[in-house]
Amino acid sequence: MIATDSLARLFAEAAVEGAQPLWTMMDAMVPPRPQPKAVPHVWRYEALRPLLGRAGTLVGTQDAERRVLMLINPALAPPHTTDTLFAGLQLILPGEVAPAHRHVAFALRFIIEGDAAYTAVGGEKVTMRRGDLVLTPSWEYHDHGHEGEGPMVWLDGLDLPVYQFFPANFAQPYSEERFPSVEAASDTHLRYCWADMEARLQAEDGPYSFAEYEHKQTGGPVSRVIGAAAERIVGGGSSPTRRETAGIVYHVYKGRGFTVAGDARLEWEKGDTFCIPSWMPYRHEAAKDTYLFRYDDRPVLEAIGAYRREASAS
Ligand code: 1HN
């Protein structure tokens with residue numbers, strides 16, 4: 001019996017019992033470095049904006065609930081923009097209401113176009129303008145509406161892919177279209193105006209600066225899973241090369257240039273959104289004065305002791 005035994009036989013019998021050897025796949029189980037599935041990619045606003053406009057005539061917010069074009073990583077399936085982050089472009093038109101609901105997933109909005117829509121979050125009605133960052137904390141009822149003129153477009157950033165892994169995301173519609181709300185205080189912790197961020201970035205000298213959004217109540221990142229920041233690069237300037245275990249979604253608030261991410265060269269201009277996978281060295285180069293908004297999964301990585309960052313040779 002023993003004489004005729006073999007590993008192949010052992011593996012076959014183990015498989016019947018729902019077990020497999022670790023030693024044949026040790027490297028895949030504990031790889032020497034992070035192995036993100038996402039690839040670097042740019043979503044061009046010039047190409048997507050007309051499609052979003054057509055969606056605006058073809059489907060209403062009542063039917064769609066949220067009129068969002070998801071920005072899906074070419075190497076992954078919805079809702080993955082990176083391994084852990086979701087990004088989408090949402091359109092709301094004057095007179096529309098996107099009905100109230102809540103979910104465990106956290107959402108942020110970075111306003112790309114327009115200035116008179118609101119998002120009502122947990123009873124606070126927050127008016128949104130271009131460049132604002134607006135937070136929708138986990139499990140708060142929220143609806144969006146537009147009482148002004150012209151289309152309103154924003155970038156939605158959610159931690160949805162995290163809930164592909166932790167099946168702990170609940171969602172619930174509210175019984176009515178709108179959750180009752182009153183005008184938010186001008187300094188609400190739900191809104192972070194661009195002017196404040198731009199002033200912080202300009203306060204730093206040099207061709208490149210970086211500033212993190214600080215939650216107005218906690219002083220920490222904007223959520224437990226997602227952090228957000230902005231960067232300024234003067235025309236002709238560049239950022240340092242670095243890599244971090246966080247996955248990152250970038251949005252070009254203003255400017256034009258490119259980012260080298262691993263072997264990829266991502267050309268971008270105002271309105272574009274692009275992503276950097278975990279641990280890939282990256283560097284931005286600006287052709288003209290540029291401001292980038294970004295969000296990442298650094299807070300959740302820090303919570304589990306898995307955030308690392310290093311400057312790397314360019
Ligand atoms: C969602 O609820 C919103 O509330 C936006 O505006 C984007 C993407 C996937 C799932 C839910 C919103 C979303 C979303």
# chains A, B, ... in the order shown; residues from 1 in each chain; ligands from 1
>>> residues_around(residues="stretch 60-74 of chain A", least_positions_apart="5", cutoff="8 Å", atoms="only C-alpha atoms", output="list in words")
Ala38, Val39, His41, Trp43, Leu52, Ala55, Pro79, His80, Thr81, Thr82, Phe86, Ala87, Gly88, Leu89, Gln90, Leu91, Ile92, Glu96, Val97, Ala98 and Pro99 of chain A
>>> write_last_selection(atoms="C-alpha atoms", output="PDB file, in the first residue's frame")
ATOM      1  CA  ALA A  38      -6.480  45.936 -11.511  1.00  0.00           C
ATOM      2  CA  VAL A  39      -4.436  47.510 -14.302  1.00  0.00           C
ATOM      3  CA  HIS A  41      -6.326  52.870 -16.891  1.00  0.00           C
ATOM      4  CA  TRP A  43     -11.443  56.968 -18.490  1.00  0.00           C
ATOM      5  CA  LEU A  52     -23.849  60.293 -20.006  1.00  0.00           C
ATOM      6  CA  ALA A  55     -28.375  58.356 -20.745  1.00  0.00           C
ATOM      7  CA  PRO A  79     -18.100  47.142  -9.357  1.00  0.00           C
ATOM      8  CA  HIS A  80     -14.299  47.170  -9.582  1.00  0.00           C
ATOM      9  CA  THR A  81     -12.488  50.324 -10.675  1.00  0.00           C
ATOM     10  CA  THR A  82      -9.531  49.073  -8.660  1.00  0.00           C
ATOM     11  CA  PHE A  86     -15.510  51.911  -7.216  1.00  0.00           C
ATOM     12  CA  ALA A  87     -15.746  55.026  -9.391  1.00  0.00           C
ATOM     13  CA  GLY A  88     -18.689  56.197 -11.462  1.00  0.00           C
ATOM     14  CA  LEU A  89     -19.958  59.295 -13.236  1.00  0.00           C
ATOM     15  CA  GLN A  90     -23.422  60.385 -12.125  1.00  0.00           C
ATOM     16  CA  LEU A  91     -25.725  62.778 -13.977  1.00  0.00           C
ATOM     17  CA  ILE A  92     -28.705  64.604 -12.545  1.00  0.00           C
ATOM     18  CA  GLU A  96     -34.980  65.420 -11.074  1.00  0.00           C
ATOM     19  CA  VAL A  97     -34.802  63.562  -7.790  1.00  0.00           C
ATOM     20  CA  ALA A  98     -32.696  60.454  -7.229  1.00  0.00           C
ATOM     21  CA  PRO A  99     -34.784  58.737  -4.514  1.00  0.00           C
TER      22      PRO A  99
END
>>> residues_around(residues="A:Pro36", least_positions_apart="2", cutoff="10 Å", atoms="only C-alpha atoms", output="NGL selection string")
:A and (33-34 or 38-39 or 82-84 or 245 or 247 or 276-280)
>>> write_last_selection(atoms="N, CA, C and O atoms", output="mmCIF file, in the first residue's frame")
data_model
loop_
_atom_site.group_PDB
_atom_site.id
_atom_site.type_symbol
_atom_site.label_atom_id
_atom_site.label_comp_id
_atom_site.auth_asym_id
_atom_site.auth_seq_id
_atom_site.Cartn_x
_atom_site.Cartn_y
_atom_site.Cartn_z
ATOM 1 N N ARG A 33 5.249 39.937 -3.155
ATOM 2 C CA ARG A 33 4.819 41.338 -3.183
ATOM 3 C C ARG A 33 3.349 41.383 -3.587
ATOM 4 O O ARG A 33 2.829 40.399 -4.131
ATOM 5 N N PRO A 34 2.673 42.534 -3.329
ATOM 6 C CA PRO A 34 1.246 42.631 -3.676
ATOM 7 C C PRO A 34 1.006 42.327 -5.151
ATOM 8 O O PRO A 34 1.811 42.717 -6.011
ATOM 9 N N ALA A 38 -6.181 44.746 -10.705
ATOM 10 C CA ALA A 38 -6.480 45.936 -11.511
ATOM 11 C C ALA A 38 -5.257 46.336 -12.331
ATOM 12 O O ALA A 38 -4.114 46.081 -11.934
ATOM 13 N N VAL A 39 -5.508 46.946 -13.476
ATOM 14 C CA VAL A 39 -4.436 47.510 -14.302
ATOM 15 C C VAL A 39 -4.616 49.032 -14.348
ATOM 16 O O VAL A 39 -5.725 49.525 -14.159
ATOM 17 N N THR A 82 -10.788 49.711 -9.064
ATOM 18 C CA THR A 82 -9.531 49.073 -8.660
ATOM 19 C C THR A 82 -9.947 47.802 -7.921
ATOM 20 O O THR A 82 -11.134 47.472 -7.865
ATOM 21 N N ASP A 83 -8.983 47.123 -7.317
ATOM 22 C CA ASP A 83 -9.325 45.917 -6.547
ATOM 23 C C ASP A 83 -10.303 46.217 -5.408
ATOM 24 O O ASP A 83 -11.089 45.351 -5.032
ATOM 25 N N THR A 84 -10.238 47.435 -4.873
ATOM 26 C CA THR A 84 -11.056 47.736 -3.687
ATOM 27 C C THR A 84 -11.962 48.951 -3.830
ATOM 28 O O THR A 84 -12.756 49.219 -2.933
ATOM 29 N N THR A 245 0.769 50.580 -0.968
ATOM 30 C CA THR A 245 -0.085 49.394 -1.075
ATOM 31 C C THR A 245 -1.545 49.769 -1.314
ATOM 32 O O THR A 245 -2.356 48.899 -1.588
ATOM 33 N N GLY A 247 -4.698 51.148 -3.380
ATOM 34 C CA GLY A 247 -5.161 51.408 -4.741
ATOM 35 C C GLY A 247 -5.680 52.835 -4.773
ATOM 36 O O GLY A 247 -6.148 53.346 -3.747
ATOM 37 N N ILE A 276 -4.540 53.824 -10.251
ATOM 38 C CA ILE A 276 -3.217 53.252 -10.002
ATOM 39 C C ILE A 276 -3.406 52.046 -9.091
ATOM 40 O O ILE A 276 -3.916 52.192 -7.975
ATOM 41 N N PRO A 277 -3.020 50.850 -9.538
ATOM 42 C CA PRO A 277 -3.139 49.666 -8.677
ATOM 43 C C PRO A 277 -2.099 49.667 -7.547
ATOM 44 O O PRO A 277 -1.082 50.365 -7.616
ATOM 45 N N SER A 278 -2.382 48.866 -6.551
ATOM 46 C CA SER A 278 -1.504 48.716 -5.386
ATOM 47 C C SER A 278 -0.061 48.415 -5.789
ATOM 48 O O SER A 278 0.205 47.599 -6.676
ATOM 49 N N TRP A 279 0.868 49.076 -5.118
ATOM 50 C CA TRP A 279 2.311 48.811 -5.172
ATOM 51 C C TRP A 279 2.965 49.083 -6.525
ATOM 52 O O TRP A 279 4.103 48.720 -6.777
ATOM 53 N N MET A 280 2.258 49.751 -7.412
ATOM 54 C CA MET A 280 2.845 50.068 -8.710
ATOM 55 C C MET A 280 3.515 51.443 -8.600
ATOM 56 O O MET A 280 2.874 52.404 -8.172
#
>>> select_by_dssp(residues="stretch 36-82 of chain A", states="strand (DSSP E or B)", output="VMD selection string")
chain A and resid 41 to 43 68 to 70
>>> residues_around(residues="A:Thr273", least_positions_apart="3", cutoff="8 Å", atoms="only C-alpha atoms", output="list in words")
Val42, Trp43, Arg44, Tyr45, Val249, Tyr250, His251, Val252 and Trp268 of chain A
>>> closest_residue(among="A:Gly255, A:Pro50, A:Pro78, A:Gly148", to="A:Pro161", atoms="only C-alpha atoms")
A:Pro78
>>> closest_residue(among="A:Lys270, A:Arg109, A:Lys37, A:Arg54", to="ligand 1", atoms="only C-alpha atoms and all ligand atoms")
A:Arg109
>>> residues_around(residues="A:Trp139", least_positions_apart="3", cutoff="7 Å", atoms="only C-alpha atoms", output="PDB file with C-alpha atoms, in the first residue's frame")
ATOM      1  CA  ARG A 102     -29.082  54.023   2.385  1.00  0.00           C
ATOM      2  CA  HIS A 103     -26.369  51.397   2.307  1.00  0.00           C
ATOM      3  CA  VAL A 104     -23.480  50.227   4.423  1.00  0.00           C
TER       4      VAL A 104
END
>>> atom_distance(atom1="atom CA of A:Ala14", atom2="atom CA of A:Asp27")
20.3 Å
